[in-house]
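The structure appears right after this line, and notes come after that.
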Amino acid sequence: MAKSQQARDVDELVKNREWWFVAEKTRSSRLDYLRKAVWKKGAIGGNYAPGIKIDLKFPQLFTEKWKEHDGDPIMLQKANALAHVLDNTPIFITDHAQLVGYVGSAPHEIVWHWQGVSMVNEEIYNEQGIIPEPEQESLETLAELNDYWGGRTAVDKLARVLDPEDAVKFMSGAIGWGTPTSAVTYSTKDFDFIFQGFEALLAKVEQCIEDTEEKLQGEPSPELLPLYEKIPNWEAMQIILEAGIRYAKRYARLARTVAEHFESDPKRREELLRVAETCERVPAKPPRSLQESFQFDHFVQVILRYETFEGAWPHRPDYVHGPFYDQDVNVEKRLTKEEAIDLVGEHLIRTYEVGIFAPRWTREGLQGITGTWVWTMGGVKPDGSDACNDLTVAYMQAARLVRVSNPTFGFRWHPKVKDEVMRECFECIRHGLGYPSMRNDPVLVANSVHWHGHPVEEARTWVHQACMSPCPTTKYGCQPFRMASATANCAKMVEYALHNGYDPVVNMQMGPQTGDPREFKDFEEFFQAWVKQMEWLRNILVRTVNLGRVKDPVFFSRPVLSSVYERAIETGTDACDPTNGERGNAWVTGFTWVENADSLAAVKKFIYDEKKYTMAQLMDALNANWDGYEEMRLDFVKNAPKWGNDDDYVDEIMVRCLREVSRHAKEIKCPSNNNWPLLPENVSGNIHYSSVVGALPNGRRLGDALYDGGISPGPGLDRKGPTAVLKSCGKFDHVTDGRAFLLNQRLSPTQLSGEKGYQLWKAYMKTWADLGLDHVQFNMVDDATLRAAQKDPEKYQEVIVRVAGYSAHFVDISRKTQDNIIQRTVQGLG
Amino acid sequence: MATCKECKSFFGREDDPGQGDCVTRQVDPRQSYYRAKPVEAEKDASKCGSFQKK
C-alpha cells in the first residue's frame, strides 16, 4: 500500500535528521499541546526567559503562618507553615492535562526558597525581569520578607558556628560549589514504602506517638528523656501527611468543578472526572492504575519541592510504575499503548515544567536547566535478574516524542539487557537527545558495596542521586541530603601546588604552604605537594558539609521528607538526622579534575625528565598567564602527553592521582562514619570556573574553558581515536578508584545512521563494557547543525545537546559552552 | 455588600459551607487553564475586579 503524504513527510524529516519536526508530526494532539504549553524554566545562558516570574504567594503564606508559630520547635513551625501553603496556594489544571500538580501558583511562576541563604534573597530583589507586576508592590513585599528572614536562614545560622577561616575560604568561590544545607539539596525516595499511601503512613506515625506517650508515663529515668524530642517530630509528620491529602483533594474538587460546570466536551469531561477520582484516591491510599501511580508520585515530588530546593530528581520510574503499566496495558487492557504513551509523555512534561529559582552561580553551572534531573532506567532487580520492562521502552519512545531536556535518563546497562531495549536507548541518542547516559550496572553495584558497604541486594536498587552517583532506595540506603558544597574545583589542587598554597586569582593564601616549586628537587617532591593540596581542599569542603549536615534538623528541618522516610518515622527523627541509621553514601564531586593529570604530566616530562625548561621558566610563564610565552605554551599543549590517548606516561599519573584520593577518601568520614570517594564530573562547572582557575602547565590560560567531562580528554586533545580514549579510561578500576567517572563522547550522526550505525555503536559499547568503564554519554549532533544554530537560534530552538551530566537545549547555553561542545572531538567508530 | 458566595466563580465546599473555591478560566501566552484559590463564602467581594453576580 502506498504511504500517506504524512508518512512521506516524516520519512523526509527523518532522512534530514530534523528530529523535533519528526516528534511534532508523530505525537498525539494532546502531547503536542502540552509540550508547547510549557513555560521554559531553565535559564538561557544565565537569565530567565521573558515572562517567567517569582511566585510571591508561597513565601507570603508560609511566613504569615511561620510567625504565628514562633517559639514552636522548628519542625512543628515549619510543618504548620507548609500545611498553610498547601491549603491556600492557588492551584491550576492545564487544558488537556491528565496529571496535575505544580510547584507555584501559575504555570509561568517559579518558587524560591528564601529560608536557605540570605545572599540568594538579596539576589532575587535585584534580578531583572522576574518580579511580578505590579513591580513596586512586589518589591516592597520582597523587601519585607528579606528583612524578616535576614539572619534566620539555614546558612546564616550555620555561618555562626563555622570556623571563621573555613568560612572565608569557602565563601571565596574559588574551591567549592554549593551550600551546606538541605535548603539546596536532593533526596532519594523509597516508593515501595511511600506507595502504602499517606493514610497508612499516618497510622504508623500515630501508633508511634501513642506508644511513646505511654512510655512517658513510666518511671522516670534517663532513657525517657530523648523520647520527649521525638513527639514534635511525629506531630510535624502528621500535619504534613494530612495536608498532603487535603492538597490532592483540592485538585479533585477543581477537576470535578470544571467537569460539571465549565466543560462542554463529553470526552474531556470524562477525563476530568477521572482526574478527580485519582486525586481523591492518591496520595491518601495506594495507587491502583498507571494514572494513579504517576499522580501519587508527582504529588510527592511537588510537595517535597515546596519544602526545599530539590536540585535533582533521584528516581527509577520504569521500576516504580512498571507493574501498573503492565497491568493496565497488557493484563487488563484498560489502556491502549497509545493512551499509555500519552500518560508517560505527560509525566515527562509535568516534570520538565517544574522550576525553582536558582542564584546566578548555579544558573551558570547548570545552563539551560533547573536541576540535574537524571531518571534511572533499566538495571536489575534485588535478586539480580533483568529489571527492564515495557515501561522502560515506553519512556524511551515518549522521550523522543516530547523531547524535553529535563528529566534525562541514565540507563543501567548489564549483560542481560535485551537487544530491543538497547535499540531504544540508541534511538534516543541517535535522535540527538544526548540521553540516556549509559551506566555499567555490575561495576556500579560492586562500587556501592565497596565504598559504602551497602548489601548487594540493596545496592541493586540504585538510582542516580543526581547526575552520576548511585544511591540505594532502601530504608537505610536512602540519602536525604546531597553534599552539595563538597563539590571541589579540583584544578586548584595543581594550581596551589605550583603557588605554595596561594591562590593567584582570588589573591588569598588558601591551601597549606607546601613550598616554592622552584626549590623542588624532583617530580616526587612536586607530586607530594599536590597530595597535600588535594587533601586540604577536600578536607575543608567535607568539614563544612559534615557540620551543615548534623545541624540541618535544627537550622532548616525537613518535616515533609521525614514523613515519607521509613527510618525517620520509626525513630521520631528528622530525615536528615545522621543518627537514625543512614548507612552513608557521601561523595565529593570533582569538577575540573583532568587538568591535574595533564598538568602533572607536562611538569614531569618537560621540567624533570627532559629538563627542557626550568621550573622558574614555567612559573614565569604561568604568572604571566602565558602572555609573551606563546611558543612555549604551544609546546606544552601539543607535545606534553595528554590523557585519553592510551599513553602510559600520563595515564599512570592519572591512576596515581586517583589512588591517592581513594586512600584519602577512606580516611575522612561523613557523619554516618562512612567514606568520601571522589566523583569526577563537571556539569557546566568547566565554564563557570574558567575565570577562577589561573594558567596551568597543560597550556591553559586564565579564562579558557576547562575540560568538559570527569575523565573526558581535553577537547581536541584526544588524537588517537575512540578506542584509545576507552583504553586510557580503562586503566584504573572503576570500582575502587572513585565513585563514578563521567565520560563525554561525540559521535557522527552520518556514520551512525541505519542498522550499520546501530551495530557500530553496539560494538563500541561492548568494548566500553569489557574495559569496565562505569559511564559514557554521547552527543550525536553534527557541527554544521550546531554552527547553524549559533547563527540562527530562532530556527533551532529545539536542538538538544549533552552538556555534562545533563542535557540542555543548545540555544539556552552560553556561547562559551556552545563552543566548548563544538570543540569536542567527533569520534569515528569502526 | 457583595460577597464571594454570590459570585459565579464561587463553588462552595460540601465539607465546609463557609469555605469555597474561586474557580476562573485563565489564558496566558502559552496555555489555557482553570485556576482555583480558596476563599471564604462571606468575604467582601466589592473590590474584586472579576466579580460576576450569579
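Identifiers in this document derive from the order of the C-alpha cells: chains are assigned A, B, ..., residues are numbered from 1 separately in each chain, and ligands are numbered from 1 in order of occurrence.
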
Inset, instruction - Report as a PyMOL selection string: the residues of range 484-729 of chain A with a DSSP assignment of strand (DSSP E or B), based on the backbone of this structure. - result: chain A and resi 487-489+502-503+508-509+588-591+678-680

Using only C-alpha atoms, which protein or nucleic acid residues come within 8 Å of range 1-12 of chain B? Drop anything in the same chain fewer than 3 positions from it, and give the result as a compact mmCIF listing (two decimals) with C-alpha atoms, in the first residue's frame.
# COMPACT_ATOMS: atom_id res chain seq x y z
CA THR A 257 -15.98 21.64 39.29
CA ASP B 16 -17.27 23.27 54.97
CA PRO B 17 -20.08 25.56 53.77
CA GLY B 18 -18.26 28.67 54.98
CA GLN B 19 -15.42 28.00 52.53
CA GLY B 20 -15.23 27.61 48.80
CA ASP B 21 -13.07 27.81 45.71
CA CYS B 22 -12.89 30.77 43.37
CA VAL B 23 -12.54 28.98 40.02
CA THR B 24 -11.56 31.04 36.98
CA VAL B 39 -11.98 31.91 49.58
CA GLU B 40 -14.39 32.42 52.44
CA ALA B 41 -18.06 32.49 51.38
CA GLU B 42 -18.73 35.72 53.27
CA LYS B 43 -15.60 37.53 52.07
CA ASP B 44 -16.21 41.07 50.81
CA ALA B 45 -16.08 40.93 47.01
CA SER B 46 -16.99 44.54 46.36
CA PHE B 51 -16.86 39.56 40.46
CA GLN B 52 -19.86 38.39 38.41
CA LYS B 53 -23.17 38.02 40.17
CA LYS B 54 -24.68 34.54 39.93

Determine, for each residue of chain B having at least one atom at most 9 Å from an atom of chain A, the closest pair of atoms and their separation in Å to one decimal, counting only C-alpha atoms; order by chain and ascending number, as JSON lines.
{"residue": "B:Phe11", "atom": "CA", "partner": "A:Thr257", "partner_atom": "CA", "distance": 7.6}
{"residue": "B:Arg13", "atom": "CA", "partner": "A:Arg253", "partner_atom": "CA", "distance": 8.5}
{"residue": "B:Asp21", "atom": "CA", "partner": "A:Leu254", "partner_atom": "CA", "distance": 8.0}
{"residue": "B:Val23", "atom": "CA", "partner": "A:Leu254", "partner_atom": "CA", "distance": 7.5}
{"residue": "B:Asp28", "atom": "CA", "partner": "A:His108", "partner_atom": "CA", "distance": 8.6}
{"residue": "B:Pro29", "atom": "CA", "partner": "A:Ala37", "partner_atom": "CA", "distance": 8.6}
{"residue": "B:Arg30", "atom": "CA", "partner": "A:Ala37", "partner_atom": "CA", "distance": 4.8}
{"residue": "B:Gln31", "atom": "CA", "partner": "A:Ala37", "partner_atom": "CA", "distance": 4.9}
{"residue": "B:Ser32", "atom": "CA", "partner": "A:Asp95", "partner_atom": "CA", "distance": 5.9}
{"residue": "B:Tyr33", "atom": "CA", "partner": "A:Thr94", "partner_atom": "CA", "distance": 4.2}
{"residue": "B:Tyr34", "atom": "CA", "partner": "A:Ile93", "partner_atom": "CA", "distance": 5.4}
{"residue": "B:Arg35", "atom": "CA", "partner": "A:Phe92", "partner_atom": "CA", "distance": 4.2}
{"residue": "B:Ala36", "atom": "CA", "partner": "A:Ile91", "partner_atom": "CA", "distance": 5.4}
{"residue": "B:Lys37", "atom": "CA", "partner": "A:Pro90", "partner_atom": "CA", "distance": 4.5}
{"residue": "B:Pro38", "atom": "CA", "partner": "A:Asn88", "partner_atom": "CA", "distance": 6.0}
{"residue": "B:Val39", "atom": "CA", "partner": "A:Asn88", "partner_atom": "CA", "distance": 8.8}

Could you save those same residues with C-alpha atoms as an mmCIF file, in the first residue's frame?
data_model
loop_
_atom_site.group_PDB
_atom_site.id
_atom_site.type_symbol
_atom_site.label_atom_id
_atom_site.label_comp_id
_atom_site.auth_asym_id
_atom_site.auth_seq_id
_atom_site.Cartn_x
_atom_site.Cartn_y
_atom_site.Cartn_z
ATOM 1 C CA PHE B 11 -18.057 26.966 44.344
ATOM 2 C CA ARG B 13 -17.292 23.190 49.735
ATOM 3 C CA ASP B 21 -13.071 27.812 45.708
ATOM 4 C CA VAL B 23 -12.535 28.985 40.018
ATOM 5 C CA ASP B 28 -1.651 33.075 29.093
ATOM 6 C CA PRO B 29 0.619 33.282 26.023
ATOM 7 C CA ARG B 30 1.365 29.559 26.131
ATOM 8 C CA GLN B 31 -1.590 27.749 27.643
ATOM 9 C CA SER B 32 -5.141 27.868 28.941
ATOM 10 C CA TYR B 33 -6.064 26.527 32.320
ATOM 11 C CA TYR B 34 -8.565 26.609 35.175
ATOM 12 C CA ARG B 35 -7.344 28.065 38.420
ATOM 13 C CA ALA B 36 -8.736 27.697 41.936
ATOM 14 C CA LYS B 37 -7.961 29.673 45.031
ATOM 15 C CA PRO B 38 -9.651 29.148 48.374
ATOM 16 C CA VAL B 39 -11.981 31.905 49.578
#

Inset, instruction - Grab the CA of Gln217 in chain A to CA of Leu201 in chain A distance for me, in Å with one decimal place. - result: 24.9 Å

Inset, instruction - Provide the CA of Pro442 in chain A to CA of Gly410 in chain A distance in Å, to one decimal place. - result: 14.6 Å

Inset, instruction - Show which residues sit within 6 Å of range 6-10 of chain A, as a list in words. Count only C-alpha atoms, and ignore same-chain residues fewer than 3 positions away. - result: Lys3, Leu13 and Val22 of chain A

Inset, instruction - Could you give me, as JSON, numbers by chain, the residues within 10 Å of range 509-526 of chain A, counting only C-alpha atoms and dropping anything in the same chain fewer than 6 positions from it? - result: {"A": [165, 166, 168, 169, 170, 172, 174, 175, 492, 493, 494, 496, 497, 498, 499, 500, 501, 502, 503, 532, 533, 534, 535, 536, 537, 540, 600, 601, 603, 604, 605, 607, 608, 609, 614, 615, 616, 617, 618, 619]}

Inset, instruction - Please identify which residues in range 762-813 of chain A DSSP calls alpha helix (DSSP H) from the backbone, and express them as a PyMOL selection string. - result: chain A and resi 762-770+783-791

Please produce a file of the residues just selected, as a PDB file, in the first residue's frame, where the atoms kept are C-alpha atoms.
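Ended up saving to selection26.pdb:
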ATOM      1  CA  LYS A 762      26.850  -1.740  19.914  1.00  0.00           C
ATOM      2  CA  ALA A 763      30.410  -2.907  19.197  1.00  0.00           C
ATOM      3  CA  TYR A 764      31.709   0.289  20.811  1.00  0.00           C
ATOM      4  CA  MET A 765      29.534  -0.386  23.860  1.00  0.00           C
ATOM      5  CA  LYS A 766      30.927  -3.911  24.107  1.00  0.00           C
ATOM      6  CA  THR A 767      34.483  -2.541  24.265  1.00  0.00           C
ATOM      7  CA  TRP A 768      33.330   0.001  26.867  1.00  0.00           C
ATOM      8  CA  ALA A 769      31.779  -2.752  28.995  1.00  0.00           C
ATOM      9  CA  ASP A 770      34.726  -5.136  28.560  1.00  0.00           C
ATOM     10  CA  ASP A 783      28.995  20.614  13.742  1.00  0.00           C
ATOM     11  CA  ALA A 784      27.053  22.055  10.806  1.00  0.00           C
ATOM     12  CA  THR A 785      23.782  21.959  12.748  1.00  0.00           C
ATOM     13  CA  LEU A 786      25.358  23.423  15.868  1.00  0.00           C
ATOM     14  CA  ARG A 787      27.050  26.235  13.957  1.00  0.00           C
ATOM     15  CA  ALA A 788      23.810  26.960  12.101  1.00  0.00           C
ATOM     16  CA  ALA A 789      22.041  27.118  15.485  1.00  0.00           C
ATOM     17  CA  GLN A 790      24.599  29.670  16.690  1.00  0.00           C
ATOM     18  CA  LYS A 791      23.934  31.819  13.639  1.00  0.00           C
TER      19      LYS A 791
END

Legend entry - Separation of CA of Ile124 in chain A from CA of Val155 in chain A, in Å and rounded to one decimal: 16.6 Å
